[in-house]
Amino acid sequence: MKFDGRKASRVKMDHRQPVNLMGSDGTWRRSCVLIDVSQTGAKVEVEGTLDVLQAKEFFLVLSSTGLAYRRCELVWIDGTTAGVHFVTADGKKKPASAPQAKTQTAPG
């Protein structure tokens with residue numbers, strides 16, 4: 001579902017989904033609740049102080065084991081709610097939709 005004039009569709013969570021934000025250097029961690037998520041970013045409700053979110057980049061850790069995560073950067077803060085944008089491995093923001101390669105069929 002697209003809302004708020006966004007380019008990418010967001011999925012709103014029906015239940016409280018616990019996640020964590022963690023500094024790129026591992027020196028800080030904040031418990032959060034995932035409010036909604038898309039291919040390009042997410043909205044989270046952060047527990048505790050938000051001062052550490054001023055870091056240029058950090059990780060959104062999606063699993064308790066730390067195996068599922070996304071590199072991201074802060075876009076906005078409103079009270080205890082924050083918006084993050086996912087960053088690709090080359091340091092660029094993730095595009096809303098990547099063009100799909102056309103498949104060719106072999107003659108015959």
# chains A, B, ... in the order shown; residues from 1 in each chain; ligands from 1
>>> residues_around(residues="A:Leu74", least_positions_apart="2", cutoff="9 Å", atoms="only C-alpha atoms", output="ChimeraX atom specification")
/A:53-58,72,76-77,82-85
>>> write_last_selection(atoms="C-alpha atoms", output="PDB file, in the first residue's frame")
ATOM      1  CA  LEU A  53      20.757   8.233  15.977  1.00  0.00           C
ATOM      2  CA  GLN A  54      22.659  11.306  14.824  1.00  0.00           C
ATOM      3  CA  ALA A  55      25.341   8.891  13.565  1.00  0.00           C
ATOM      4  CA  LYS A  56      25.635   8.962   9.779  1.00  0.00           C
ATOM      5  CA  GLU A  57      24.913   5.255   9.392  1.00  0.00           C
ATOM      6  CA  PHE A  58      23.758   2.416  11.618  1.00  0.00           C
ATOM      7  CA  CYS A  72      20.495   2.540   7.065  1.00  0.00           C
ATOM      8  CA  TRP A  76      13.735  12.143  10.397  1.00  0.00           C
ATOM      9  CA  ILE A  77      12.813  12.022  14.104  1.00  0.00           C
ATOM     10  CA  ALA A  82      12.164   7.745  13.550  1.00  0.00           C
ATOM     11  CA  GLY A  83      12.284   7.209   9.797  1.00  0.00           C
ATOM     12  CA  VAL A  84      15.277   5.445   8.277  1.00  0.00           C
ATOM     13  CA  HIS A  85      16.360   4.964   4.676  1.00  0.00           C
TER      14      HIS A  85
END
>>> closest_residue(among="A:Leu21, A:Ser63, A:Cys32, A:Glu73", to="A:Glu47", atoms="only C-alpha atoms")
A:Cys32
>>> residues_around(residues="A:Leu62", least_positions_apart="6", cutoff="9 Å", atoms="only C-alpha atoms", output="list in words")
Gln17, Pro18, Val19, Asn20, Leu21, Leu34, Ala68, Tyr69 and Arg70 of chain A
>>> write_last_selection(atoms="N, CA and C atoms", output="mmCIF file, in the first residue's frame")
data_model
loop_
_atom_site.group_PDB
_atom_site.id
_atom_site.type_symbol
_atom_site.label_atom_id
_atom_site.label_comp_id
_atom_site.auth_asym_id
_atom_site.auth_seq_id
_atom_site.Cartn_x
_atom_site.Cartn_y
_atom_site.Cartn_z
ATOM 1 N N GLN A 17 6.372 -5.606 16.330
ATOM 2 C CA GLN A 17 7.511 -6.398 15.876
ATOM 3 C C GLN A 17 8.792 -5.823 16.478
ATOM 4 N N PRO A 18 9.376 -6.494 17.490
ATOM 5 C CA PRO A 18 10.589 -5.951 18.111
ATOM 6 C C PRO A 18 11.802 -6.064 17.184
ATOM 7 N N VAL A 19 12.547 -4.962 17.061
ATOM 8 C CA VAL A 19 13.791 -4.907 16.291
ATOM 9 C C VAL A 19 14.783 -4.066 17.092
ATOM 10 N N ASN A 20 15.976 -3.916 16.586
ATOM 11 C CA ASN A 20 16.993 -3.096 17.252
ATOM 12 C C ASN A 20 17.698 -2.210 16.240
ATOM 13 N N LEU A 21 18.138 -1.062 16.705
ATOM 14 C CA LEU A 21 19.064 -0.226 15.947
ATOM 15 C C LEU A 21 20.406 -0.399 16.621
ATOM 16 N N LEU A 34 9.094 -2.042 15.081
ATOM 17 C CA LEU A 34 8.931 -1.747 13.661
ATOM 18 C C LEU A 34 7.479 -1.369 13.398
ATOM 19 N N ALA A 68 19.744 -11.109 10.280
ATOM 20 C CA ALA A 68 18.967 -10.309 9.331
ATOM 21 C C ALA A 68 19.076 -8.847 9.742
ATOM 22 N N TYR A 69 19.684 -8.036 8.866
ATOM 23 C CA TYR A 69 19.851 -6.623 9.188
ATOM 24 C C TYR A 69 19.915 -5.804 7.903
ATOM 25 N N ARG A 70 19.714 -4.499 8.041
ATOM 26 C CA ARG A 70 19.831 -3.575 6.919
ATOM 27 C C ARG A 70 20.670 -2.390 7.355
#
>>> residues_around(residues="A:Lys12", least_positions_apart="6", cutoff="8 Å", atoms="only C-alpha atoms", output="ChimeraX atom specification")
/A:35-37
>>> write_last_selection(atoms="C-alpha atoms", output="compact mmCIF listing (two decimals), in the first residue's frame")
# COMPACT_ATOMS: atom_id res chain seq x y z
CA ILE A 35 5.89 0.31 12.62
CA ASP A 36 6.13 -0.07 8.85
CA VAL A 37 8.70 -1.09 6.26
>>> closest_residue(among="A:Val61, A:Ala8, A:Leu50, A:Ala42", to="A:Met22", atoms="only C-alpha atoms")
A:Val61
>>> residues_around(residues="A:Gly79", least_positions_apart="6", cutoff="12 Å", atoms="only C-alpha atoms", output="ChimeraX atom specification")
/A:44-51
>>> write_last_selection(atoms="C-alpha atoms", output="PDB file, in the first residue's frame")
ATOM      1  CA  VAL A  44      10.423   2.620  14.000  1.00  0.00           C
ATOM      2  CA  GLU A  45       9.408   3.596  17.509  1.00  0.00           C
ATOM      3  CA  VAL A  46      12.609   3.878  19.545  1.00  0.00           C
ATOM      4  CA  GLU A  47      12.952   3.072  23.253  1.00  0.00           C
ATOM      5  CA  GLY A  48      15.447   5.195  25.195  1.00  0.00           C
ATOM      6  CA  THR A  49      17.407   8.241  24.086  1.00  0.00           C
ATOM      7  CA  LEU A  50      17.603   9.152  20.424  1.00  0.00           C
ATOM      8  CA  ASP A  51      20.883  11.091  20.579  1.00  0.00           C
TER       9      ASP A  51
END
>>> closest_residue(among="A:Ser38, A:Ser31, A:Asp25, A:Thr81", to="A:Met13", atoms="only C-alpha atoms")
A:Ser38
>>> atom_distance(atom1="atom CA of A:Arg10", atom2="atom CA of A:Gly26")
28.2 Å
>>> closest_residue(among="A:Leu60, A:Val75, A:Thr80, A:Leu67", to="A:Arg29", atoms="only C-alpha atoms")
A:Leu60
